[in-house]
$ cat query-v7.tsv   # TSV, C-alpha atoms and all ligand atoms
chain	number	residue	atom	x	y	z
N	1	MET	CA	27.20	-5.82	-7.78
N	2	ASN	CA	26.18	-9.27	-9.03
N	3	ILE	CA	25.92	-12.42	-6.95
N	4	LYS	CA	25.26	-16.05	-7.75
N	5	PRO	CA	22.09	-16.37	-5.72
N	6	GLU	CA	21.15	-19.35	-3.62
N	7	ILE	CA	17.64	-18.03	-3.32
N	8	THR	CA	15.50	-15.71	-5.43
N	9	ILE	CA	12.31	-14.12	-4.17
N	10	ALA	CA	9.57	-12.36	-6.14
N	11	SER	CA	7.60	-9.94	-4.01
N	12	PRO	CA	4.66	-8.10	-5.59
N	13	GLY	CA	3.31	-4.61	-5.25
N	14	ARG	CA	-0.35	-4.20	-4.50
N	15	ILE	CA	-3.41	-2.33	-5.59
N	16	ASN	CA	-6.29	-1.40	-3.35
N	17	LEU	CA	-9.62	-1.30	-5.15
N	18	ILE	CA	-11.30	0.60	-2.35
N	19	GLY	CA	-10.97	1.26	1.40
N	20	GLU	CA	-8.26	3.92	1.55
N	21	HIS	CA	-6.69	5.22	4.76
N	22	ILE	CA	-8.94	2.99	6.80
N	23	ASP	CA	-6.73	0.03	7.63
N	24	TYR	CA	-5.29	1.92	10.60
N	25	ASN	CA	-8.84	2.79	11.67
N	26	GLY	CA	-9.98	-0.83	11.78
N	27	GLY	CA	-11.96	-0.62	8.55
N	28	HIS	CA	-12.51	-2.95	5.62
N	29	VAL	CA	-10.18	-2.85	2.63
N	30	LEU	CA	-10.11	-4.61	-0.74
N	31	PRO	CA	-6.50	-4.94	-1.89
N	32	ALA	CA	-4.74	-7.47	-4.13
N	33	ALA	CA	-1.17	-8.33	-5.07
N	34	ILE	CA	-0.23	-7.42	-8.64
N	35	ASP	CA	1.88	-8.98	-11.35
N	36	LEU	CA	4.69	-6.42	-10.95
N	37	CYS	CA	7.36	-7.44	-8.46
N	38	VAL	CA	10.61	-6.62	-6.78
N	39	ARG	CA	13.11	-9.44	-7.07
N	40	LEU	CA	15.55	-10.13	-4.25
N	41	TYR	CA	18.59	-12.36	-4.66
N	42	PHE	CA	20.26	-13.87	-1.58
N	43	LYS	CA	23.49	-15.65	-0.89
N	44	LYS	CA	25.24	-16.54	2.38
N	45	ASN	CA	28.75	-15.16	2.76
N	46	ASN	CA	31.62	-15.80	5.15
N	47	SER	CA	32.54	-12.21	5.79
N	48	PRO	CA	31.82	-10.38	9.07
N	49	GLU	CA	29.31	-8.12	7.33
N	50	CYS	CA	26.28	-8.31	5.08
N	51	THR	CA	26.08	-6.26	1.89
N	52	ILE	CA	22.80	-5.01	0.47
N	53	TYR	CA	22.76	-3.58	-3.04
N	54	SER	CA	19.75	-1.95	-4.69
N	55	LYS	CA	19.96	-1.69	-8.46
N	56	ASN	CA	17.19	0.90	-8.32
N	57	VAL	CA	19.08	3.18	-5.98
N	58	GLY	CA	22.40	2.31	-7.61
N	59	ASP	CA	24.05	2.02	-4.21
N	60	ARG	CA	25.05	-0.50	-1.58
N	61	PHE	CA	25.53	-0.53	2.17
N	62	LYS	CA	26.94	-2.85	4.77
N	63	ILE	CA	25.25	-4.27	7.83
N	64	ASP	CA	27.01	-5.43	10.97
N	65	LEU	CA	24.59	-7.95	12.47
N	66	LYS	CA	25.91	-7.24	15.97
N	67	ASN	CA	24.99	-3.61	15.69
N	68	ILE	CA	21.60	-2.95	14.11
N	69	GLU	CA	20.67	0.70	14.46
N	70	ILE	CA	18.43	3.13	12.61
N	71	SER	CA	20.26	4.70	9.68
N	72	GLU	CA	20.08	8.25	8.35
N	73	LYS	CA	19.36	6.84	4.91
N	74	GLU	CA	15.71	5.97	4.65
N	75	TRP	CA	16.03	3.02	2.30
N	76	HIS	CA	18.51	1.23	4.60
N	77	ASN	CA	15.93	1.19	7.36
N	78	TYR	CA	13.55	-1.18	5.59
N	79	PHE	CA	16.27	-3.85	5.75
N	80	LEU	CA	17.63	-2.94	9.17
N	81	GLY	CA	14.15	-2.94	10.65
N	82	VAL	CA	13.29	-6.37	9.30
N	83	ILE	CA	16.55	-7.84	10.65
N	84	HIS	CA	15.94	-6.20	14.03
N	85	PHE	CA	12.46	-7.67	14.42
N	86	ILE	CA	13.48	-11.13	13.22
N	87	GLU	CA	16.40	-11.10	15.67
N	88	GLN	CA	14.10	-9.99	18.46
N	89	LYS	CA	11.71	-12.92	18.05
N	90	TYR	CA	14.14	-15.53	16.66
N	91	PRO	CA	17.55	-14.61	18.14
N	92	ASN	CA	20.77	-15.75	16.46
N	93	THR	CA	19.10	-17.21	13.41
N	94	ILE	CA	20.70	-14.87	10.86
N	95	SER	CA	24.35	-15.01	9.81
N	96	SER	CA	26.15	-13.01	7.12
N	97	PHE	CA	24.64	-12.81	3.65
N	98	ASP	CA	24.54	-10.64	0.55
N	99	CYS	CA	21.35	-9.41	-1.03
N	100	VAL	CA	20.70	-7.74	-4.36
N	101	VAL	CA	17.41	-5.97	-5.02
N	102	ASP	CA	15.99	-5.20	-8.44
N	103	SER	CA	12.50	-3.75	-8.58
N	104	ALA	CA	10.10	-3.44	-11.49
N	105	LEU	CA	7.71	-1.49	-9.26
N	106	PRO	CA	7.41	2.26	-9.46
N	107	ILE	CA	8.88	3.50	-6.18
N	108	GLY	CA	6.95	5.92	-3.99
N	109	SER	CA	3.90	5.78	-6.26
N	110	GLY	CA	1.29	4.10	-4.11
N	111	VAL	CA	1.71	0.48	-5.25
N	112	SER	CA	3.64	-0.25	-2.07
N	113	SER	CA	7.16	-0.87	-3.25
N	114	SER	CA	8.01	-0.51	0.44
N	115	ALA	CA	5.90	-3.45	1.64
N	116	ALA	CA	7.09	-5.50	-1.33
N	117	LEU	CA	10.65	-4.81	-0.26
N	118	GLU	CA	10.19	-5.52	3.46
N	119	CYS	CA	8.14	-8.66	2.98
N	120	GLY	CA	10.39	-9.95	0.19
N	121	PHE	CA	13.42	-9.36	2.38
N	122	ALA	CA	11.88	-11.17	5.35
N	123	LYS	CA	10.78	-14.06	3.13
N	124	GLY	CA	14.27	-14.36	1.64
N	125	LEU	CA	15.94	-14.46	5.06
N	126	ASP	CA	13.44	-17.07	6.17
N	127	GLU	CA	14.26	-19.26	3.18
N	128	LEU	CA	18.02	-18.70	3.44
N	129	PHE	CA	18.29	-19.46	7.17
N	130	ASP	CA	15.27	-21.70	7.67
N	131	ILE	CA	13.97	-19.47	10.45
N	132	GLY	CA	10.39	-20.73	10.41
N	133	LEU	CA	8.62	-17.37	10.04
N	134	SER	CA	4.84	-17.63	9.70
N	135	GLU	CA	2.96	-15.46	7.21
N	136	MET	CA	1.77	-13.33	10.11
N	137	ASP	CA	5.37	-12.99	11.35
N	138	ILE	CA	6.38	-11.59	7.97
N	139	ILE	CA	3.38	-9.26	7.83
N	140	THR	CA	3.84	-7.84	11.32
N	141	MET	CA	7.63	-7.66	11.26
N	142	ALA	CA	7.54	-5.79	7.95
N	143	ARG	CA	4.93	-3.43	9.35
N	144	ASP	CA	6.95	-2.91	12.54
N	145	ALA	CA	10.09	-2.19	10.52
N	146	GLU	CA	8.20	0.54	8.69
N	147	HIS	CA	6.82	1.98	11.95
N	148	HIS	CA	9.92	1.92	14.10
N	149	PHE	CA	12.82	2.15	11.66
N	150	VAL	CA	11.41	4.11	8.71
N	151	GLY	CA	8.94	6.17	10.72
N	152	THR	CA	5.79	5.69	8.64
N	153	LYS	CA	2.90	4.68	10.87
N	154	CYS	CA	1.32	2.58	8.15
N	155	GLY	CA	-1.58	0.19	8.68
N	156	ILE	CA	-1.34	-3.52	7.98
N	157	MET	CA	-3.02	-3.66	4.57
N	158	ASP	CA	0.04	-3.36	2.34
N	159	GLN	CA	2.02	-6.12	3.99
N	160	PHE	CA	-1.07	-8.31	4.23
N	161	ALA	CA	-1.75	-8.00	0.50
N	162	VAL	CA	1.87	-8.57	-0.46
N	163	VAL	CA	2.07	-11.76	1.61
N	164	ARG	CA	-1.43	-13.20	1.21
N	165	GLY	CA	-2.16	-12.10	-2.37
N	166	LYS	CA	-3.55	-14.73	-4.72
N	167	LYS	CA	-3.89	-14.72	-8.49
N	168	ASP	CA	-7.19	-13.25	-9.68
N	169	GLU	CA	-8.49	-12.71	-6.14
N	170	LEU	CA	-9.09	-9.56	-4.16
N	171	ILE	CA	-8.70	-9.77	-0.40
N	172	ARG	CA	-11.59	-8.56	1.71
N	173	LEU	CA	-9.75	-7.78	4.89
N	174	ASP	CA	-11.30	-6.58	8.12
N	175	CYS	CA	-8.46	-4.61	9.67
N	176	ASN	CA	-10.11	-4.67	13.08
N	177	ASP	CA	-9.72	-8.40	13.71
N	178	LEU	CA	-7.64	-9.32	10.60
N	179	SER	CA	-10.26	-11.79	9.40
N	180	PHE	CA	-10.27	-12.03	5.62
N	181	ASN	CA	-11.66	-13.84	2.65
N	182	TYR	CA	-10.83	-13.94	-1.03
N	183	VAL	CA	-13.25	-12.37	-3.48
N	184	PRO	CA	-12.86	-13.38	-7.14
N	185	ALA	CA	-11.83	-10.33	-9.13
N	186	GLN	CA	-14.50	-10.81	-11.77
N	187	ILE	CA	-14.25	-7.36	-13.26
N	188	ALA	CA	-14.51	-8.17	-16.99
N	189	PRO	CA	-15.28	-6.48	-19.36
N	190	TYR	CA	-13.32	-3.87	-17.39
N	191	ALA	CA	-9.58	-3.75	-16.91
N	192	LEU	CA	-7.49	-2.24	-14.14
N	193	VAL	CA	-5.44	0.70	-15.36
N	194	LEU	CA	-3.14	2.62	-13.05
N	195	VAL	CA	-1.99	6.09	-14.01
N	196	ASN	CA	1.16	7.18	-12.25
N	197	SER	CA	1.01	10.95	-11.88
N	198	ASN	CA	4.80	10.93	-11.45
N	199	VAL	CA	4.53	13.53	-8.74
N	200	SER	CA	5.19	12.91	-5.07
N	201	HIS	CA	4.64	15.88	-2.84
N	202	ASN	CA	6.83	15.66	0.20
N	203	LEU	CA	3.82	16.11	2.48
N	204	ALA	CA	3.01	12.44	2.11
N	205	THR	CA	4.72	10.98	5.18
N	206	SER	CA	4.11	13.86	7.55
N	207	GLU	CA	0.45	14.28	6.58
N	208	TYR	CA	-0.08	10.53	6.80
N	209	ASN	CA	1.01	10.58	10.40
N	210	VAL	CA	-1.08	13.70	11.08
N	211	ARG	CA	-4.19	11.91	9.71
N	212	ARG	CA	-3.56	9.04	12.08
N	213	GLN	CA	-3.32	11.41	15.01
N	214	GLU	CA	-6.48	13.25	13.98
N	215	CYS	CA	-8.37	9.95	13.83
N	216	GLU	CA	-6.98	8.84	17.19
N	217	SER	CA	-7.89	12.08	18.92
N	218	GLY	CA	-11.37	12.03	17.32
N	219	MET	CA	-11.82	8.48	18.58
N	220	GLN	CA	-10.91	9.57	22.12
N	221	HIS	CA	-13.71	12.14	21.96
N	222	ILE	CA	-16.16	9.51	20.79
N	223	GLN	CA	-15.10	7.11	23.53
N	224	LYS	CA	-15.63	9.74	26.24
N	225	ARG	CA	-19.32	9.65	25.45
N	226	TYR	CA	-19.55	6.13	24.00
N	227	PRO	CA	-16.95	3.90	25.66
N	228	GLN	CA	-18.44	0.84	23.96
N	229	TYR	CA	-16.83	1.71	20.63
N	230	ASN	CA	-13.25	0.61	20.14
N	231	CYS	CA	-12.99	0.74	16.35
N	232	LEU	CA	-13.44	4.06	14.58
N	233	ALA	CA	-14.47	2.65	11.22
N	234	GLU	CA	-17.44	0.85	12.79
N	235	VAL	CA	-18.82	3.83	14.75
N	236	PRO	CA	-22.32	4.72	13.45
N	237	GLN	CA	-22.51	7.95	11.45
N	238	LYS	CA	-25.10	9.44	13.77
N	239	VAL	CA	-22.69	9.14	16.71
N	240	VAL	CA	-20.03	11.08	14.82
N	241	LYS	CA	-22.56	13.74	13.88
N	242	GLU	CA	-23.56	14.03	17.54
N	243	ILE	CA	-20.03	14.86	18.65
N	244	GLU	CA	-19.41	17.28	15.76
N	245	SER	CA	-19.43	20.39	17.95
N	246	THR	CA	-16.92	18.90	20.43
N	247	VAL	CA	-14.08	18.35	17.95
N	248	PRO	CA	-12.20	20.66	15.55
N	249	SER	CA	-13.94	20.82	12.17
N	250	LYS	CA	-11.01	19.12	10.41
N	251	THR	CA	-11.16	16.22	12.85
N	252	PHE	CA	-14.88	15.89	12.21
N	253	GLN	CA	-14.22	15.70	8.45
N	254	ARG	CA	-11.65	12.94	8.96
N	255	LEU	CA	-14.00	10.89	11.14
N	256	LEU	CA	-16.84	11.23	8.67
N	257	TYR	CA	-14.62	10.15	5.81
N	258	VAL	CA	-13.41	7.03	7.63
N	259	ILE	CA	-16.89	5.87	8.52
N	260	GLN	CA	-18.28	6.55	5.05
N	261	GLU	CA	-15.33	4.86	3.33
N	262	ASN	CA	-15.80	1.75	5.43
N	263	ILE	CA	-19.48	1.57	4.45
N	264	ARG	CA	-18.57	2.18	0.78
N	265	THR	CA	-16.02	-0.60	0.82
N	266	LYS	CA	-18.49	-3.15	2.15
N	267	GLU	CA	-21.05	-2.00	-0.43
N	268	ALA	CA	-18.52	-2.17	-3.25
N	269	CYS	CA	-17.56	-5.66	-2.17
N	270	SER	CA	-21.17	-6.85	-2.20
N	271	ALA	CA	-21.69	-5.23	-5.60
N	272	LEU	CA	-18.59	-7.01	-6.92
N	273	VAL	CA	-19.88	-10.36	-5.68
N	274	ASP	CA	-23.24	-9.60	-7.37
N	275	GLY	CA	-21.49	-8.73	-10.63
N	276	ASP	CA	-22.70	-5.12	-10.45
N	277	MET	CA	-19.58	-3.37	-11.72
N	278	ILE	CA	-21.35	-0.06	-12.31
N	279	THR	CA	-21.97	0.26	-8.57
N	280	VAL	CA	-18.40	-0.76	-7.82
N	281	GLY	CA	-17.17	2.00	-10.13
N	282	GLN	CA	-19.50	4.55	-8.56
N	283	LYS	CA	-18.05	3.73	-5.14
N	284	LEU	CA	-14.56	4.41	-6.46
N	285	PHE	CA	-15.60	7.88	-7.61
N	286	GLU	CA	-17.25	8.53	-4.22
N	287	SER	CA	-14.13	7.30	-2.44
N	288	HIS	CA	-12.03	9.80	-4.35
N	289	ALA	CA	-14.40	12.65	-3.52
N	290	GLY	CA	-14.09	11.75	0.18
N	291	LEU	CA	-10.30	11.49	0.04
N	292	SER	CA	-10.07	14.82	-1.74
N	293	GLU	CA	-12.65	16.90	0.12
N	294	LEU	CA	-12.99	15.38	3.59
N	295	TYR	CA	-9.70	13.59	4.22
N	296	GLU	CA	-7.68	16.06	2.14
N	297	VAL	CA	-4.95	13.71	0.96
N	298	SER	CA	-5.33	14.27	-2.78
N	299	CYS	CA	-3.61	16.93	-4.88
N	300	THR	CA	-4.28	18.88	-8.08
N	301	GLU	CA	-2.66	16.27	-10.29
N	302	LEU	CA	-4.64	13.34	-8.87
N	303	ASP	CA	-7.89	15.32	-8.96
N	304	PHE	CA	-7.21	16.15	-12.59
N	305	LEU	CA	-6.64	12.48	-13.47
N	306	VAL	CA	-9.83	11.37	-11.74
N	307	ASP	CA	-11.87	14.17	-13.35
N	308	PHE	CA	-10.46	13.22	-16.73
N	309	ALA	CA	-11.43	9.58	-16.14
N	310	LYS	CA	-14.92	10.61	-15.07
N	311	GLY	CA	-15.54	12.29	-18.40
N	312	PHE	CA	-14.08	9.44	-20.44
N	313	PRO	CA	-16.55	7.04	-22.09
N	314	GLY	CA	-15.92	3.47	-20.97
N	315	ILE	CA	-14.55	4.35	-17.53
N	316	ILE	CA	-16.91	3.40	-14.72
N	317	GLY	CA	-14.78	4.33	-11.72
N	318	ALA	CA	-11.51	5.96	-10.69
N	319	ARG	CA	-9.81	7.24	-7.57
N	320	MET	CA	-6.45	8.05	-6.10
N	321	MET	CA	-4.78	5.03	-4.56
N	322	GLY	CA	-2.39	4.78	-1.62
N	323	GLY	CA	-1.34	7.41	0.86
N	324	GLY	CA	-1.97	10.32	-1.51
N	325	PHE	CA	-0.26	13.62	-2.41
N	326	GLY	CA	0.88	11.99	-5.63
N	327	GLY	CA	1.37	8.46	-6.86
N	328	CYS	CA	-1.18	6.57	-8.91
N	329	THR	CA	-4.87	6.62	-9.67
N	330	ILE	CA	-6.71	3.34	-10.18
N	331	ASN	CA	-9.23	3.21	-13.02
N	332	LEU	CA	-11.84	0.68	-14.12
N	333	VAL	CA	-11.68	0.97	-17.88
N	334	HIS	CA	-13.67	-0.97	-20.48
N	335	GLN	CA	-11.21	-3.32	-22.19
N	336	SER	CA	-12.02	-1.84	-25.60
N	337	LYS	CA	-11.03	1.63	-24.37
N	338	VAL	CA	-7.79	0.93	-22.56
N	339	ASN	CA	-5.38	2.01	-25.31
N	340	GLU	CA	-7.36	5.10	-26.19
N	341	PHE	CA	-7.57	6.11	-22.55
N	342	MET	CA	-3.85	5.64	-21.96
N	343	GLU	CA	-3.04	7.74	-25.00
N	344	LYS	CA	-5.50	10.54	-24.25
N	345	VAL	CA	-4.84	10.80	-20.53
N	346	THR	CA	-1.12	11.06	-21.25
N	347	LYS	CA	-1.67	13.92	-23.68
N	348	ALA	CA	-4.12	15.81	-21.47
N	349	TYR	CA	-1.98	15.49	-18.34
N	350	GLN	CA	1.16	16.49	-20.20
N	351	GLU	CA	-0.59	19.58	-21.55
N	352	GLN	CA	-1.89	20.52	-18.12
N	353	PHE	CA	1.19	19.96	-15.98
N	354	GLY	CA	4.12	19.57	-18.37
N	355	ILE	CA	4.80	16.17	-16.82
N	356	GLN	CA	4.63	12.84	-18.57
N	357	PRO	CA	2.36	10.44	-16.61
N	358	THR	CA	2.84	6.68	-16.82
N	359	PRO	CA	-0.34	4.72	-17.45
N	360	PHE	CA	-0.14	0.93	-17.21
N	361	THR	CA	-2.45	-2.05	-16.90
N	362	VAL	CA	-2.11	-4.45	-14.00
N	363	SER	CA	-3.41	-7.90	-13.37
N	364	ILE	CA	-3.84	-9.57	-10.02
N	365	GLY	CA	-1.08	-11.99	-9.11
N	366	ASP	CA	0.24	-14.17	-6.31
N	367	GLY	CA	1.82	-12.96	-3.09
N	368	VAL	CA	5.49	-13.10	-2.08
N	369	ARG	CA	7.16	-16.36	-3.13
N	370	ARG	CA	10.45	-18.09	-3.70
N	371	ILE	CA	11.03	-18.54	-7.42
N	372	SER	CA	14.40	-20.30	-7.33
Y	401	LIG	P1	5.42	3.09	-1.98
Y	401	LIG	O1	5.45	2.04	-0.93
Y	401	LIG	O2	4.04	3.48	-2.35
Y	401	LIG	O3	6.22	2.74	-3.19
Y	401	LIG	P2	6.85	4.51	0.07
Y	401	LIG	O4	7.24	5.93	0.22
Y	401	LIG	O5	6.07	3.87	1.15
Y	401	LIG	O6	6.09	4.38	-1.34
Y	401	LIG	O7	8.13	3.61	-0.15
Y	401	LIG	C1	9.12	4.01	-1.04
Y	401	LIG	C2	10.47	3.87	-0.37
Y	401	LIG	O8	10.78	2.46	-0.21
Y	401	LIG	C3	11.62	4.42	-1.19
Y	401	LIG	O9	11.80	5.81	-0.95
Y	401	LIG	C4	12.79	3.59	-0.70
Y	401	LIG	O10	13.27	4.09	0.53
Y	401	LIG	C5	12.15	2.24	-0.41
Y	401	LIG	N1	12.28	1.35	-1.58
Y	401	LIG	C6	11.29	0.79	-2.31
Y	401	LIG	N2	11.80	0.01	-3.29
Y	401	LIG	C7	13.14	0.06	-3.19
Y	401	LIG	C8	14.24	-0.53	-3.91
Y	401	LIG	N3	14.03	-1.34	-4.94
Y	401	LIG	N4	15.48	-0.24	-3.49
Y	401	LIG	C9	15.71	0.55	-2.42
Y	401	LIG	N5	14.73	1.14	-1.72
Y	401	LIG	C10	13.45	0.92	-2.08
Y	402	MG	MG	4.77	2.26	1.13
$ encode --input "query-v7.tsv" --output "structure tokens"
Amino acid sequence: MNIKPEITIASPGRINLIGEHIDYNGGHVLPAAIDLCVRLYFKKNNSPECTIYSKNVGDRFKIDLKNIEISEKEWHNYFLGVIHFIEQKYPNTISSFDCVVDSALPIGSGVSSSAALECGFAKGLDELFDIGLSEMDIITMARDAEHHFVGTKCGIMDQFAVVRGKKDELIRLDCNDLSFNYVPAQIAPYALVLVNSNVSHNLATSEYNVRRQECESGMQHIQKRYPQYNCLAEVPQKVVKEIESTVPSKTFQRLLYVIQENIRTKEACSALVDGDMITVGQKLFESHAGLSELYEVSCTELDFLVDFAKGFPGIIGARMMGGGFGGCTINLVHQSKVNEFMEKVTKAYQEQFGIQPTPFTVSIGDGVRRIS
């Protein structure tokens, strides 16, 4: 399906340098939008229905604006959810339209193709119908679509980075109060290399939601004794150690990880500002160890990629990125070693798992925008 678009939107994926699985625990994160985007093309139509076509899926579906309900097909729900939440806050602003989606982002690989899609879709509708959505409207409506229509209880980081991303800047976001500032991504002489493991274990969504529940129940235990704390990521480590015997051992591990990751993220951010890239890299390795051993969201393939990076001269830091159980690792690689690393990691991974990984460099780009 091709349309003559009235409006074209570019909506980027995102990386997260450090601060994994802590947005929904009120922690600090350090994401950025990247130069890879999904493009969405929009045109009003005069028919009673809207048509959405995804070139990536190779399929289309129709939407009746008078009857927005959750679909059995997961990918439909990103669109349906966004329309639902726009209609809820700004009733009767949307009329029939067609939309074509064409993504250059790897899908389901931890660079948040989902947030790129939701936020790009909301931005496009805003431009097409002049709804007057604020940036925070787009961020929260996209997040709510993912929660209530798709069923992933994601935090706010992905949507925030996709909307507020800025070229060559990382975003230091405090997910407790949503205050943020831009931190120049002065990482030279290192480059950002992602390695897509090209595996996605189907545990990802269910375990993600289980981790959230574990953190919530752990927090309830903490609050019984210390009602003054309302944000898990900011609870002192000694408090968590005190309640160790009152919670299941797995819950204790999760709590410890969250608190340590929040501290690491703040330290990595300070190190970045000071130009101390070696410390930044070290924090990435520590983050991976926590995700793998305490939070248990890694997998053999990701552990292999991070171990390989650790032993590779010119790499100062690496970790799994995103929800886990597959997807990408993020690596800080000396610019002079990028090609050699991409070649060697491909060979080693292929030999180990019989799967071709996809390594690629990313640079930090602008957030969602109208390009025509
Ligand atoms: P990630 O956000 O890390 O890429 P998710 O599992 O959160 O992984 O989101 C991937 C899902 O988002 C896909 O399974 C699909 O439902 C939807 N999606 C992303 N991009 C597209 C696209 N271009 N066309 C249709 N659906 C898409
Ligand atoms: Mg996602």
$ closest_residue --input "query-v7.tsv" --among "N:Glu296, N:Asp130, N:Glu6, N:Glu146" --to "N:Asp98" --atoms "all atoms listed in the file"
N:Glu6
$ residues_near_ligand --input "query-v7.tsv" --ligand "ligand LIG 401 (chain Y)" --cutoff "6 Å" --atoms "all atoms listed in the file" --output "CSV table (one decimal) with C-alpha atoms, keeping the file's coordinate frame"
chain,number,residue,atom,x,y,z
N,54,SER,CA,19.8,-2.0,-4.7
N,56,ASN,CA,17.2,0.9,-8.3
N,57,VAL,CA,19.1,3.2,-6.0
N,74,GLU,CA,15.7,6.0,4.6
N,75,TRP,CA,16.0,3.0,2.3
N,101,VAL,CA,17.4,-6.0,-5.0
N,102,ASP,CA,16.0,-5.2,-8.4
N,103,SER,CA,12.5,-3.8,-8.6
N,107,ILE,CA,8.9,3.5,-6.2
N,108,GLY,CA,7.0,5.9,-4.0
N,109,SER,CA,3.9,5.8,-6.3
N,110,GLY,CA,1.3,4.1,-4.1
N,111,VAL,CA,1.7,0.5,-5.2
N,112,SER,CA,3.6,-0.2,-2.1
N,113,SER,CA,7.2,-0.9,-3.2
N,114,SER,CA,8.0,-0.5,0.4
N,117,LEU,CA,10.6,-4.8,-0.3
$ closest_atom_pairs --input "query-v7.tsv" --of "stretch 158-201 of chain N" --to "stretch 23-36 of chain N" --cutoff "8 Å" --atoms "only C-alpha atoms" --output "CSV"
residue,atom,partner,partner_atom,distance
N:Asp158,CA,N:Pro31,CA,7.9
N:Ala161,CA,N:Ala32,CA,5.5
N:Val162,CA,N:Ala33,CA,5.5
N:Arg164,CA,N:Ala33,CA,8.0
N:Gly165,CA,N:Ala33,CA,4.7
N:Lys166,CA,N:Ala33,CA,6.8
N:Lys167,CA,N:Ala33,CA,7.7
N:Glu169,CA,N:Ala32,CA,6.7
N:Leu170,CA,N:Ala32,CA,4.8
N:Ile171,CA,N:Leu30,CA,5.4
N:Arg172,CA,N:Leu30,CA,4.9
N:Leu173,CA,N:Val29,CA,5.4
N:Asp174,CA,N:His28,CA,4.6
N:Cys175,CA,N:Gly26,CA,4.6
N:Asn176,CA,N:Gly26,CA,4.1
N:Asp177,CA,N:Gly26,CA,7.8
$ closest_atom_pairs --input "query-v7.tsv" --of "stretch 175-257 of chain N" --to "stretch 271-295 of chain N" --cutoff "9 Å" --atoms "all atoms listed in the file" --output "Markdown table"
| residue | atom | partner | partner_atom | distance |
| --- | --- | --- | --- | --- |
| N:Val183 | CA | N:Val273 | CA | 7.3 |
| N:Pro184 | CA | N:Val273 | CA | 7.8 |
| N:Ala185 | CA | N:Leu272 | CA | 7.8 |
| N:Gln186 | CA | N:Gly275 | CA | 7.4 |
| N:Ile187 | CA | N:Met277 | CA | 6.8 |
| N:Ala188 | CA | N:Met277 | CA | 8.7 |
| N:Tyr190 | CA | N:Met277 | CA | 8.5 |
| N:Arg211 | CA | N:Tyr295 | CA | 8.0 |
| N:Lys250 | CA | N:Leu294 | CA | 8.0 |
| N:Phe252 | CA | N:Leu294 | CA | 8.8 |
| N:Gln253 | CA | N:Leu294 | CA | 5.0 |
| N:Arg254 | CA | N:Tyr295 | CA | 5.2 |
| N:Leu255 | CA | N:Tyr295 | CA | 8.6 |
| N:Leu256 | CA | N:Leu294 | CA | 7.6 |
| N:Tyr257 | CA | N:Gly290 | CA | 5.9 |
$ atom_distance --input "query-v7.tsv" --atom1 "atom CA of N:Val368" --atom2 "atom CA of N:Tyr41"
13.4 Å
$ residues_near_ligand --input "query-v7.tsv" --ligand "ligand MG 402 (chain Y)" --cutoff "12 Å" --atoms "only C-alpha atoms and all ligand atoms" --output "NGL selection string"
:N and (13-15 or 75 or 78 or 105-119 or 142-143 or 145-147 or 150-159 or 162 or 204-205 or 208 or 321-324 or 327)
$ write_last_selection --input "query-v7.tsv" --atoms "C-alpha atoms" --output "short mmCIF file (atom, residue, chain, number, x, y, z; two decimals), in the frame of the given file"
data_model
loop_
_atom_site.label_atom_id
_atom_site.label_comp_id
_atom_site.auth_asym_id
_atom_site.auth_seq_id
_atom_site.Cartn_x
_atom_site.Cartn_y
_atom_site.Cartn_z
CA GLY N 13 3.31 -4.61 -5.25
CA ARG N 14 -0.35 -4.20 -4.50
CA ILE N 15 -3.41 -2.33 -5.59
CA TRP N 75 16.03 3.02 2.30
CA TYR N 78 13.55 -1.18 5.59
CA LEU N 105 7.71 -1.49 -9.26
CA PRO N 106 7.41 2.26 -9.46
CA ILE N 107 8.88 3.50 -6.18
CA GLY N 108 6.95 5.92 -3.99
CA SER N 109 3.90 5.78 -6.26
CA GLY N 110 1.29 4.10 -4.11
CA VAL N 111 1.71 0.48 -5.25
CA SER N 112 3.64 -0.25 -2.07
CA SER N 113 7.16 -0.87 -3.25
CA SER N 114 8.01 -0.51 0.44
CA ALA N 115 5.90 -3.45 1.64
CA ALA N 116 7.09 -5.50 -1.33
CA LEU N 117 10.65 -4.81 -0.26
CA GLU N 118 10.19 -5.52 3.46
CA CYS N 119 8.14 -8.66 2.98
CA ALA N 142 7.54 -5.79 7.95
CA ARG N 143 4.93 -3.43 9.35
CA ALA N 145 10.09 -2.19 10.52
CA GLU N 146 8.20 0.54 8.69
CA HIS N 147 6.82 1.98 11.95
CA VAL N 150 11.41 4.11 8.71
CA GLY N 151 8.94 6.17 10.72
CA THR N 152 5.79 5.69 8.64
CA LYS N 153 2.90 4.68 10.87
CA CYS N 154 1.32 2.58 8.15
CA GLY N 155 -1.58 0.19 8.68
CA ILE N 156 -1.34 -3.52 7.98
CA MET N 157 -3.02 -3.66 4.57
CA ASP N 158 0.04 -3.36 2.34
CA GLN N 159 2.02 -6.12 3.99
CA VAL N 162 1.87 -8.57 -0.46
CA ALA N 204 3.01 12.44 2.11
CA THR N 205 4.72 10.98 5.18
CA TYR N 208 -0.08 10.53 6.80
CA MET N 321 -4.78 5.03 -4.56
CA GLY N 322 -2.39 4.78 -1.62
CA GLY N 323 -1.34 7.41 0.86
CA GLY N 324 -1.97 10.32 -1.51
CA GLY N 327 1.37 8.46 -6.86
#
$ closest_residue --input "query-v7.tsv" --among "N:Ala10, N:Ile22, N:Leu65, N:Cys99" --to "N:Thr51" --atoms "all atoms listed in the file"
N:Cys99
$ closest_residue --input "query-v7.tsv" --among "N:Ser363, N:Ser217, N:Asn230, N:Ser197" --to "N:Ala348" --atoms "all atoms listed in the file"
N:Ser197
